[in-house]
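Next comes final-v6.cif, with mmCIF, C-alpha atoms.
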data_my_file
#
loop_
_atom_site.label_atom_id
_atom_site.label_comp_id
_atom_site.auth_asym_id
_atom_site.auth_seq_id
_atom_site.Cartn_x
_atom_site.Cartn_y
_atom_site.Cartn_z
CA MET A 949 1.07 16.37 94.48
CA ALA A 950 1.47 19.45 96.69
CA ASP A 951 5.07 18.34 97.30
CA ASP A 952 5.55 18.17 93.54
CA VAL A 953 4.33 21.75 93.24
CA ARG A 954 6.74 22.88 95.94
CA SER A 955 9.76 21.17 94.40
CA LEU A 956 8.87 22.27 90.86
CA THR A 957 8.35 25.85 92.07
CA THR A 958 11.77 25.77 93.71
CA GLU A 959 13.33 24.36 90.56
CA LEU A 960 11.70 27.03 88.40
CA ALA A 961 12.77 29.79 90.79
CA ARG A 962 16.34 28.49 90.61
CA ASP A 963 16.30 28.49 86.81
CA PRO A 964 13.46 30.63 85.35
CA ARG A 965 14.46 29.55 81.84
CA SER A 966 13.84 25.90 82.64
CA LEU A 967 11.19 23.92 80.77
CA VAL A 968 9.94 22.65 84.13
CA TYR A 969 7.25 25.37 83.99
CA ALA A 970 5.08 22.96 81.98
CA ASP A 971 5.33 20.27 84.69
CA LEU A 972 4.52 22.85 87.36
CA ALA A 973 1.49 24.09 85.42
CA GLU A 974 0.30 20.52 84.88
CA ALA A 975 0.67 19.75 88.60
CA LEU A 976 -1.31 22.89 89.47
CA ARG A 977 -3.98 21.93 86.93
CA LYS A 978 -4.32 18.49 88.50
CA LEU A 979 -4.77 20.17 91.89
CA GLY A 980 -7.59 22.23 90.39
CA GLN A 981 -5.62 25.50 90.63
CA ARG A 982 -6.45 26.51 87.08
CA GLU A 983 -5.79 30.25 87.27
CA GLU A 984 -2.36 29.66 88.79
CA ALA A 985 -1.64 26.95 86.22
CA LEU A 986 -2.67 29.29 83.42
CA GLN A 987 -0.43 32.05 84.73
CA VAL A 988 2.58 29.71 84.96
CA VAL A 989 2.15 28.19 81.52
CA LEU A 990 1.53 31.53 79.77
CA GLN A 991 4.64 32.97 81.40
CA GLY A 992 6.62 29.88 80.38
CA LEU A 993 5.41 30.12 76.79
CA THR A 994 6.63 33.70 76.52
CA ARG A 995 10.15 32.31 77.04
CA HIS A 996 9.56 29.13 75.03
CA PRO A 997 6.97 29.93 72.35
CA MET A 998 7.94 26.82 70.35
CA HIS A 999 7.61 24.35 73.25
CA ALA A 1000 4.95 21.84 72.21
CA ASP A 1001 4.53 20.43 75.75
CA GLY A 1002 3.76 23.94 76.99
CA HIS A 1003 1.02 24.44 74.39
CA ASP A 1004 -0.34 20.97 75.19
CA CYS A 1005 -0.54 21.90 78.87
CA LEU A 1006 -2.18 25.24 78.02
CA ALA A 1007 -4.81 23.37 76.01
CA ARG A 1008 -5.58 21.03 78.94
CA ILE A 1009 -6.08 24.00 81.23
CA TYR A 1010 -8.43 25.67 78.76
CA ALA A 1011 -10.30 22.38 78.30
CA ASP A 1012 -10.70 22.12 82.09
CA MET A 1013 -12.04 25.65 82.10
CA GLY A 1014 -14.55 24.70 79.43
CA ASP A 1015 -12.97 27.03 76.87
CA LEU A 1016 -12.85 24.47 74.08
CA GLU A 1017 -12.04 26.95 71.34
CA ARG A 1018 -8.86 28.08 73.01
CA ALA A 1019 -8.01 24.50 73.87
CA ARG A 1020 -8.31 23.60 70.21
CA LEU A 1021 -6.08 26.50 69.19
CA ALA A 1022 -3.42 25.53 71.71
CA TRP A 1023 -3.42 21.88 70.62
CA SER A 1024 -3.27 22.98 66.98
CA LYS A 1025 -0.23 25.08 67.81
CA ALA A 1026 1.44 22.14 69.58
CA LEU A 1027 0.82 19.91 66.56
CA GLU A 1028 2.11 22.59 64.24
CA ILE A 1029 5.38 22.52 66.19
CA ALA A 1030 5.49 18.74 66.73
CA PRO A 1031 3.09 16.89 64.38
CA ASP A 1032 3.53 13.61 66.28
CA HIS A 1033 2.96 15.07 69.75
CA MET A 1034 0.91 12.28 71.34
CA GLY A 1035 -0.59 14.37 74.15
CA SER A 1036 -1.92 16.86 71.62
CA LEU A 1037 -3.20 14.18 69.23
CA ARG A 1038 -5.11 12.62 72.13
CA GLY A 1039 -6.27 16.07 73.19
CA VAL A 1040 -7.69 16.90 69.76
CA ALA A 1041 -9.46 13.53 69.67
CA PHE A 1042 -10.89 14.16 73.14
CA LEU A 1043 -12.06 17.60 72.10
CA LEU A 1044 -13.81 16.35 68.96
CA PHE A 1045 -15.41 13.54 70.95
CA ARG A 1046 -16.59 16.00 73.60
CA GLN A 1047 -17.97 18.32 70.94
CA GLY A 1048 -19.93 15.47 69.40
CA ASP A 1049 -18.04 15.48 66.09
CA LEU A 1050 -17.80 11.69 66.00
CA VAL A 1051 -16.53 11.36 62.44
CA ALA A 1052 -13.58 13.64 63.09
CA ALA A 1053 -13.06 12.07 66.52
CA GLU A 1054 -12.81 8.62 64.94
CA ALA A 1055 -10.20 9.84 62.48
CA ALA A 1056 -8.21 11.52 65.27
CA LEU A 1057 -8.30 8.40 67.46
CA GLN A 1058 -7.18 6.25 64.54
CA LYS A 1059 -4.25 8.61 64.14
CA VAL A 1060 -3.35 8.14 67.82
CA LEU A 1061 -3.60 4.34 67.58
CA ALA A 1062 -1.55 4.26 64.38
CA ARG A 1063 1.31 5.78 66.38
CA GLU A 1064 0.66 3.95 69.66
CA PRO A 1065 -1.32 0.74 69.04
CA ALA A 1066 -1.08 -0.18 72.75
CA ASP A 1067 -2.92 2.95 73.90
CA ASP A 1068 -5.86 1.29 75.72
CA GLY A 1069 -7.60 4.55 76.50
CA ALA A 1070 -7.65 5.56 72.84
CA GLY A 1071 -8.80 2.06 71.89
CA ARG A 1072 -11.75 2.21 74.29
CA ALA A 1073 -12.65 5.72 73.15
CA LEU A 1074 -12.62 4.53 69.53
CA GLU A 1075 -15.05 1.74 70.40
CA VAL A 1076 -17.42 4.23 72.04
CA VAL A 1077 -17.17 6.57 69.06
CA ARG A 1078 -17.87 3.75 66.61
CA ARG A 1079 -20.91 2.65 68.64
CA GLY A 1080 -22.09 6.23 68.55
CA LEU A 1081 -21.63 6.38 64.78
CA ALA A 1082 -23.55 3.09 64.35
CA GLY A 1083 -26.40 4.49 66.43
CA SER A 1084 -25.93 1.89 69.18
CA ALA A 1085 -24.89 4.38 71.76
CA PRO A 1086 -26.00 7.93 72.44
CA PRO A 1087 -23.58 10.55 71.21
CA PRO A 1088 -21.44 11.82 74.06
CA VAL A 1089 -22.28 15.50 74.22
CA ARG A 1090 -24.72 17.63 72.28
CA ALA A 1091 -24.44 15.57 69.12
CA ALA A 1092 -27.03 17.61 67.29
CA ARG A 1093 -24.87 20.68 67.56
CA PRO A 1094 -22.05 20.76 65.04
CA ALA A 1095 -18.62 21.19 66.54
CA PRO A 1096 -17.65 24.85 66.36
CA ARG A 1097 -14.78 25.38 63.99
CA MET A 1098 -12.21 28.10 63.81
CA THR A 1099 -10.39 28.09 60.55
CA GLU A 1100 -7.92 30.81 61.47
CA PRO A 1101 -6.44 31.49 64.90
CA ARG A 1102 -6.76 35.21 64.21
CA LEU A 1103 -10.52 34.94 64.49
CA LEU A 1104 -9.97 34.89 68.24
CA GLY A 1105 -8.65 38.43 68.00
CA ALA A 1106 -11.47 39.54 65.76
CA THR A 1107 -14.02 38.95 68.52
CA ARG A 1108 -12.34 41.51 70.78
CA PRO A 1109 -13.60 45.07 71.01
CA GLU A 1110 -12.33 47.12 68.09
CA ILE A 1111 -11.12 49.95 70.27
CA PHE A 1112 -8.65 51.37 67.78
CA HIS A 1113 -10.85 51.27 64.68
CA GLY A 1114 -9.35 53.50 61.99
CA PHE A 1115 -5.81 53.37 63.40
CA ASP A 1116 -3.00 51.86 61.36
CA GLY A 1117 -2.55 48.32 62.75
CA ALA A 1118 -5.72 48.53 64.87
CA THR A 1119 -6.06 44.76 65.33
CA ALA A 1120 -2.49 43.66 64.64
CA ASP A 1121 -0.18 46.19 66.32
CA ILE A 1122 -2.04 47.75 69.26
CA LEU A 1123 -3.06 45.87 72.38
CA LEU A 1124 -4.85 47.05 75.50
CA LEU A 1125 -4.32 44.82 78.53
CA ASP A 1126 -4.86 44.94 82.26
CA GLN A 1127 -2.21 44.77 84.96
CA ARG A 1128 -2.80 41.03 85.45
CA GLY A 1129 -1.80 40.34 81.84
CA LEU A 1130 -5.32 39.83 80.47
CA VAL A 1131 -6.32 41.24 77.09
CA LEU A 1132 -8.91 44.03 77.10
CA GLY A 1133 -9.01 44.88 73.41
CA GLY A 1134 -7.10 45.50 70.21
CA GLY A 1135 -4.73 42.77 69.08
CA LEU A 1136 -1.16 41.83 68.23
CA THR A 1137 -0.06 39.25 65.69
CA ASP A 1138 3.27 37.49 65.37
CA ARG A 1139 5.41 37.49 62.24
CA ASP A 1140 3.27 34.74 60.68
CA GLY A 1141 0.13 36.79 61.18
CA LYS A 1142 -1.13 34.59 64.02
CA ASP A 1143 -2.69 36.07 67.10
CA ALA A 1144 -0.07 36.65 69.80
CA SER A 1145 -2.10 38.95 72.03
CA GLU A 1146 -2.41 36.63 75.02
CA LEU A 1147 1.26 35.70 75.08
CA ALA A 1148 2.32 39.34 74.81
CA ALA A 1149 -0.15 40.40 77.50
CA ALA A 1150 0.95 37.61 79.85
CA ALA A 1151 4.59 38.64 79.41
CA LEU A 1152 3.76 42.13 80.61
CA ALA A 1153 1.71 41.07 83.65
CA GLY A 1154 2.77 43.07 86.69
CA VAL A 1155 4.91 45.59 84.78
CA SER A 1156 2.65 48.49 85.63
CA GLY A 1157 2.59 47.97 89.40
CA GLU A 1158 6.26 47.15 89.58
CA ALA A 1159 7.25 50.22 87.56
CA SER A 1160 5.01 52.50 89.62
CA ARG A 1161 6.27 51.21 92.96
CA THR A 1162 9.93 51.37 92.01
CA THR A 1163 9.86 54.76 90.29
CA GLU A 1164 8.18 56.24 93.36
CA TYR A 1165 10.74 54.58 95.64
CA LEU A 1166 13.55 55.97 93.50
CA GLY A 1167 12.02 59.44 93.54
CA LEU A 1168 11.34 59.43 89.79
CA GLU A 1169 7.62 60.07 90.32
CA SER A 1170 5.10 58.54 87.91
CA TRP A 1171 6.26 56.71 84.77
CA SER A 1172 4.80 57.61 81.39
CA ALA A 1173 6.23 55.15 78.85
CA ILE A 1174 8.58 52.24 78.27
CA VAL A 1175 10.18 52.14 74.84
CA ALA A 1176 11.97 49.02 73.64
CA GLU A 1177 14.08 48.93 70.51
CA ALA A 1178 14.11 45.39 69.19
CA GLU A 1179 15.64 43.80 66.09
CA ASN A 1180 12.49 44.03 64.00
CA ALA A 1181 10.27 46.61 65.70
CA HIS A 1182 9.89 49.28 68.34
CA LEU A 1183 7.57 48.45 71.23
CA VAL A 1184 5.96 51.15 73.35
CA VAL A 1185 4.25 50.32 76.65
CA ALA A 1186 2.24 53.07 78.34
CA PRO A 1187 -0.08 53.18 81.36
CA VAL A 1188 -3.71 53.91 80.52
CA GLY A 1189 -5.42 55.12 83.65
CA PRO A 1190 -5.33 52.91 86.73
CA GLY A 1191 -4.87 49.23 86.01
CA ALA A 1192 -4.53 49.18 82.22
CA LEU A 1193 -1.60 49.19 79.83
CA LEU A 1194 -1.18 49.87 76.16
CA LEU A 1195 1.32 47.94 74.01
CA VAL A 1196 2.06 49.38 70.58
CA ARG A 1197 4.37 47.88 67.97
CA ARG A 1198 5.85 50.03 65.18
CA ASP A 1199 8.23 49.08 62.42
CA ARG A 1200 11.95 49.68 63.01
CA SER A 1201 11.99 52.10 60.09
CA ILE A 1202 9.77 54.49 62.05
CA ALA A 1203 11.62 56.87 64.38
CA VAL A 1204 11.23 56.19 68.10
CA GLY A 1205 9.81 59.68 68.62
CA LEU A 1206 7.07 59.03 66.05
CA ALA A 1207 6.29 55.67 67.64
CA LEU A 1208 5.84 57.48 70.96
CA ARG A 1209 3.49 60.04 69.38
CA PHE A 1210 1.46 57.25 67.80
CA ALA A 1211 1.25 55.50 71.16
CA GLU A 1212 0.13 58.71 72.82
CA ARG A 1213 -2.75 59.07 70.34
CA ALA A 1214 -3.74 55.41 70.83
CA ARG A 1215 -3.60 55.99 74.59
CA GLY A 1216 -6.13 58.80 74.27
CA ILE A 1217 -8.49 56.50 72.36
CA ALA A 1218 -8.04 53.73 74.93
CA LEU A 1219 -8.71 56.10 77.83
CA ALA A 1220 -11.93 57.29 76.22
CA TRP A 1221 -12.99 53.69 75.55
CA LEU A 1222 -12.30 52.62 79.14
CA ASP A 1223 -14.25 55.63 80.33
CA ARG A 1224 -17.23 54.59 78.23
CA GLN A 1225 -17.05 51.09 79.71
CA GLY A 1226 -17.15 52.64 83.18
CA ALA A 1227 -13.75 51.05 83.91
CA MET B 253 30.11 60.01 92.65
CA SER B 254 31.28 57.10 94.77
CA ALA B 255 34.15 54.89 93.72
CA PRO B 256 33.42 51.99 91.38
CA ASP B 257 32.21 49.01 93.32
CA VAL B 258 32.98 45.86 91.37
CA GLY B 259 31.08 42.93 92.78
CA ARG B 260 32.15 39.34 93.29
CA ARG B 261 29.51 37.66 91.15
CA ARG B 262 30.51 35.92 87.96
CA THR B 263 28.14 35.89 85.02
CA GLY B 264 29.80 34.14 82.12
CA ALA B 265 32.58 35.51 79.96
CA ALA B 266 31.69 39.12 80.56
CA ALA B 267 31.62 38.77 84.34
CA ALA B 268 33.58 40.93 86.67
CA PRO B 269 36.28 38.85 88.34
CA PRO B 270 37.15 39.45 91.98
CA ALA B 271 38.87 42.80 92.33
CA GLY B 272 42.60 42.43 92.19
CA SER B 273 42.74 39.04 90.50
CA GLY B 274 45.49 39.25 87.92
CA ALA B 275 44.18 37.12 85.07
CA GLY B 276 40.77 38.75 84.84
CA SER B 277 41.76 42.30 85.63
CA SER B 278 41.38 43.45 82.02
CA ALA B 279 37.74 42.30 81.92
CA SER B 280 37.10 44.06 85.21
CA GLU B 281 38.77 47.21 83.94
CA GLN B 282 36.73 47.03 80.76
CA LEU B 283 33.50 46.96 82.78
CA GLN B 284 34.65 49.87 84.92
CA ARG B 285 35.74 51.93 81.92
CA ALA B 286 32.31 51.44 80.34
CA LEU B 287 30.60 52.63 83.54
CA ASP B 288 32.92 55.60 83.68
CA ARG B 289 32.14 56.64 80.09
CA ILE B 290 28.37 56.31 80.59
CA SER B 291 28.43 58.18 83.89
CA ARG B 292 30.22 61.11 82.24
CA VAL B 293 27.19 61.83 80.05
CA ARG B 294 25.43 64.90 81.41
CA GLY B 295 22.38 63.99 83.49
CA VAL B 296 23.42 60.40 84.21
CA ARG B 297 23.27 59.78 87.96
CA GLY B 298 24.70 56.32 87.89
CA SER B 299 25.35 53.25 85.80
CA MET B 300 25.74 49.59 86.60
CA TRP B 301 26.22 46.10 85.24
CA VAL B 302 23.42 43.82 86.39
CA ALA B 303 22.94 40.04 86.29
CA ALA B 304 19.98 39.58 83.94
CA ASP B 305 18.50 36.54 85.69
CA ASP B 306 18.26 37.76 89.27
CA GLY B 307 18.70 41.52 89.03
CA ILE B 308 21.74 41.67 91.29
CA PRO B 309 24.35 44.38 90.60
CA VAL B 310 27.67 43.07 89.33
CA ALA B 311 29.48 46.41 89.17
CA GLN B 312 28.27 49.95 89.71
CA LEU B 313 29.23 53.60 89.65
CA LEU B 314 26.54 55.63 91.38
CA MET B 315 26.07 59.10 92.80
CA GLU B 316 25.52 59.25 96.54
CA GLY B 317 21.94 58.41 97.49
CA VAL B 318 21.08 56.45 94.34
CA ARG B 319 19.50 53.12 95.32
CA GLY B 320 21.40 50.67 93.18
CA LYS B 321 19.72 47.47 94.29
CA ALA B 322 16.20 48.73 93.54
CA ILE B 323 17.30 50.02 90.13
CA ALA B 324 18.99 46.72 89.30
CA ALA B 325 15.94 44.68 90.29
CA LEU B 326 13.55 46.84 88.29
CA ALA B 327 15.85 46.91 85.26
CA ALA B 328 16.19 43.10 85.18
CA SER B 329 12.46 42.55 85.58
CA LEU B 330 11.68 45.17 82.93
CA ALA B 331 14.16 43.67 80.46
CA ARG B 332 12.79 40.17 81.04
CA LYS B 333 9.14 41.16 80.59
CA VAL B 334 9.70 43.40 77.59
CA SER B 335 11.85 40.71 75.98
CA GLY B 336 9.04 38.20 76.55
CA ALA B 337 6.53 40.49 74.85
CA SER B 338 8.98 41.16 72.06
CA ALA B 339 9.59 37.45 71.46
CA ALA B 340 5.86 36.70 71.51
CA THR B 341 5.13 39.31 68.86
CA GLY B 342 8.08 38.46 66.63
CA ALA B 343 9.82 41.78 67.28
CA GLY B 344 13.05 39.90 68.01
CA ARG B 345 15.88 40.50 70.44
CA VAL B 346 15.64 43.68 72.45
CA ARG B 347 18.65 46.00 72.09
CA PHE B 348 17.66 48.93 74.25
CA VAL B 349 14.90 49.82 76.73
CA GLN B 350 14.05 53.25 78.05
CA MET B 351 11.55 53.90 80.82
CA GLU B 352 10.46 57.53 81.03
CA ALA B 353 9.19 59.00 84.28
CA ALA B 354 8.40 62.52 85.37
CA GLY B 355 11.57 62.75 87.46
CA GLY B 356 14.04 60.91 85.24
CA THR B 357 14.76 58.01 82.96
CA LEU B 358 15.88 54.42 83.39
CA LEU B 359 17.95 53.05 80.50
CA VAL B 360 18.71 49.36 79.96
CA ALA B 361 20.79 47.63 77.28
CA PRO B 362 21.02 43.82 77.32
CA ALA B 363 24.69 42.92 76.78
CA SER B 364 24.17 39.17 76.60
CA ASP B 365 21.81 36.53 77.97
CA ASP B 366 23.43 37.02 81.36
CA LEU B 367 24.25 40.67 81.68
CA LEU B 368 22.57 44.06 81.37
CA ILE B 369 24.01 47.53 81.40
CA VAL B 370 21.77 49.97 83.22
CA ALA B 371 21.80 53.74 83.72
CA LEU B 372 19.66 56.08 85.77
CA ALA B 373 19.42 59.66 84.52
CA ASP B 374 17.62 62.84 85.39
CA SER B 375 15.41 64.76 82.97
CA ARG B 376 18.35 66.83 81.58
CA VAL B 377 20.06 63.76 80.12
CA ASN B 378 21.14 63.54 76.51
CA ILE B 379 19.46 60.19 75.92
CA GLY B 380 20.93 59.81 72.46
CA LEU B 381 24.48 60.01 73.78
CA ALA B 382 23.81 57.76 76.78
CA ARG B 383 22.16 55.23 74.46
CA LEU B 384 25.19 55.19 72.15
CA GLU B 385 27.62 54.66 75.03
CA MET B 386 25.46 51.89 76.50
CA ILE B 387 25.00 50.03 73.23
CA ARG B 388 28.74 50.32 72.58
CA ALA B 389 29.48 48.89 76.03
CA ALA B 390 26.91 46.12 75.56
CA GLU B 391 28.41 45.12 72.21
CA ALA B 392 31.93 45.15 73.63
CA ALA B 393 30.84 42.92 76.53
CA HIS B 394 29.02 40.57 74.14
CA ALA B 395 32.02 40.23 71.80
#
Written form, structure tokens:
Amino acid sequence: MADDVRSLTTELARDPRSLVYADLAEALRKLGQREEALQVVLQGLTRHPMHADGHDCLARIYADMGDLERARLAWSKALEIAPDHMGSLRGVAFLLFRQGDLVAAEAALQKVLAREPADDGAGRALEVVRRGLAGSAPPPVRAARPAPRMTEPRLLGATRPEIFHGFDGATADILLLDQRGLVLGGGLTDRDGKDASELAAAALAGVSGEASRTTEYLGLESWSAIVAEAENAHLVVAPVGPGALLLVRRDRSIAVGLALRFAERARGIALAWLDRQGA
Amino acid sequence: MSAPDVGRRRTGAAAAPPAGSGAGSSASEQLQRALDRISRVRGVRGSMWVAADDGIPVAQLLMEGVRGKAIAALAASLARKVSGASAATGAGRVRFVQMEAAGGTLLVAPASDDLLIVALADSRVNIGLARLEMIRAAEAAHA
């Protein structure tokens, strides 16, 4: 397995756009290196946001970490992209089973077996679920507690601190993240209105340190902002004290200078918030 | 300003061919002309074509003392990460990136999947003009 990781790492280094990132993340997950696996798969998904295998792998990592809500979201995304994705169908069934939602688990397992009748694992799981439903076997995990449901992926973002309350786009266009690519607050959605905060944050992991080191080396002193003009929007990235970054998205119709001013105001709010947190 | 240094790397159709090779000389000249135009903008201390994947300079026109390799590596990494964030949020393909620092500005325009055009400028630079020249060069290389 460690050899697999080495060869897959080499392959990914040779071609960073390769889909092999999902295999590497899965190998790391199996070795128990969950944080590393998470980093690899989130980076891969920034390049391949419509790669169902990548979302499936992300879900497995979250499930291993015990974060069943995020696992469910990731499997839902994979099935949205590829409705017959077997790994994700099995994953959803596993999740429902683990959450004690036996009725939904039975339906999910039947869906798996309808596509792959020879899937012994799914067959055995279905038997266990049916025994549980008939009362002949104890429910697998916390049966009395209903499975938590998230009807909209954006609810994930709604639980984050509302740092930019009152700002235009406070939970959809402004994101505060740390230098490791983890979300601190705010939120960003994609064009379909779905939460894209984690993917965006992961894509920017390391930017702050790299920019600081290189600008100092080049004699440019400290950096204050990165402005990107994209097809549909302007993005502004700005350092917020030590170790945090702000990402602001503004419509293309807004002048770059105004986007910068908006980001500067949001930066002030973020600094004050971080200060209050003692960060 | 040191003489143009056209590298040996090939990066697709817009790549710089080995200096002196007859068939590709027009492509090489096109790259050099673009660097020349960008470097004439007041405040620009150097410009370069950079391989997007590995951040290695393909061709460059730099003032003495400007550290081309470090600029190229940072520009490629910056373009990759900002493009990732842009794709994740549905902002689409990135056309131009500007990193502002107290002592100057780094400008990056992706010309294709393989190639970036990069400029380093001091604080006196006319960014609007440099941006226009870089986007023009990027579009010409992409065509």
List every residue of chain B that has an atom at most 7 Å from any atom of chain A, and for each one report the closest atom pair and its distance in Å to one decimal, counting all atoms listed in the file, with rows sorted by chain and then by increasing residue number, as a Markdown table.
| residue | atom | partner | partner_atom | distance |
| --- | --- | --- | --- | --- |
| B:Arg319 | CA | A:Leu1166 | CA | 6.8 |
| B:Ala322 | CA | A:Thr1162 | CA | 7.0 |
| B:Leu326 | CA | A:Thr1162 | CA | 6.9 |
| B:Lys333 | CA | A:Ala1151 | CA | 5.3 |
| B:Val334 | CA | A:Leu1152 | CA | 6.8 |
| B:Gly336 | CA | A:Thr994 | CA | 5.1 |
| B:Ala337 | CA | A:Ala1148 | CA | 4.4 |
| B:Ala339 | CA | A:Thr994 | CA | 7.0 |
| B:Ala340 | CA | A:Ala1148 | CA | 5.5 |
| B:Thr341 | CA | A:Asp1138 | CA | 4.4 |
| B:Gly342 | CA | A:Asp1138 | CA | 5.1 |
| B:Ala343 | CA | A:Asn1180 | CA | 4.8 |
| B:Gly344 | CA | A:Glu1179 | CA | 5.1 |
| B:Arg345 | CA | A:Ala1178 | CA | 5.3 |
| B:Val346 | CA | A:Ala1178 | CA | 4.0 |
| B:Arg347 | CA | A:Ala1178 | CA | 5.4 |
| B:Phe348 | CA | A:Glu1177 | CA | 5.2 |
| B:Val349 | CA | A:Ala1176 | CA | 4.3 |
| B:Gln350 | CA | A:Val1175 | CA | 5.1 |
| B:Met351 | CA | A:Ile1174 | CA | 4.3 |
| B:Glu352 | CA | A:Ala1173 | CA | 5.3 |
| B:Ala353 | CA | A:Trp1171 | CA | 3.8 |
| B:Ala354 | CA | A:Glu1169 | CA | 5.6 |
| B:Gly355 | CA | A:Leu1168 | CA | 4.1 |
| B:Gly356 | CA | A:Leu1168 | CA | 5.5 |
* Picked residues, the PyMOL selection byres ((chain B and resi 303) around 8), as a PyMOL selection string -> chain B and resi 263+301-302+304-310+328+366-368
Spell out the residues picked by the PyMOL selection byres ((chain B and resi 327) around 8) here, as a PDB file with C-alpha atoms, in the frame of the given file.
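Result file result_29.pdb:
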ATOM      1  CA  GLY B 307      18.700  41.520  89.030  1.00  0.00           C
ATOM      2  CA  ILE B 323      17.300  50.020  90.130  1.00  0.00           C
ATOM      3  CA  ALA B 324      18.990  46.720  89.300  1.00  0.00           C
ATOM      4  CA  ALA B 325      15.940  44.680  90.290  1.00  0.00           C
ATOM      5  CA  LEU B 326      13.550  46.840  88.290  1.00  0.00           C
ATOM      6  CA  ALA B 328      16.190  43.100  85.180  1.00  0.00           C
ATOM      7  CA  SER B 329      12.460  42.550  85.580  1.00  0.00           C
ATOM      8  CA  LEU B 330      11.680  45.170  82.930  1.00  0.00           C
ATOM      9  CA  ALA B 331      14.160  43.670  80.460  1.00  0.00           C
ATOM     10  CA  LEU B 358      15.880  54.420  83.390  1.00  0.00           C
ATOM     11  CA  VAL B 360      18.710  49.360  79.960  1.00  0.00           C
ATOM     12  CA  VAL B 370      21.770  49.970  83.220  1.00  0.00           C
TER      13      VAL B 370
END
* Take the PyMOL selection byres ((chain B and resi 380) around 12), apply it to the structure above, and return the hits as a VMD selection string. => (chain A and resid 1204 to 1205) or (chain B and resid 290 293 to 295 348 350 359 376 to 379 381 to 387)
* Could you state the separation of atom CA of A:Glu1017 and atom CA of A:Arg977 in Å, given to one decimal place? ->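 Going from atom CA of A:Glu1017 over to atom CA of A:Arg977, I get 18.3 Å.
Taking atom CA of B:Pro362 as the reference point, atom CA of B:Arg292 is found at 20.2 Å.
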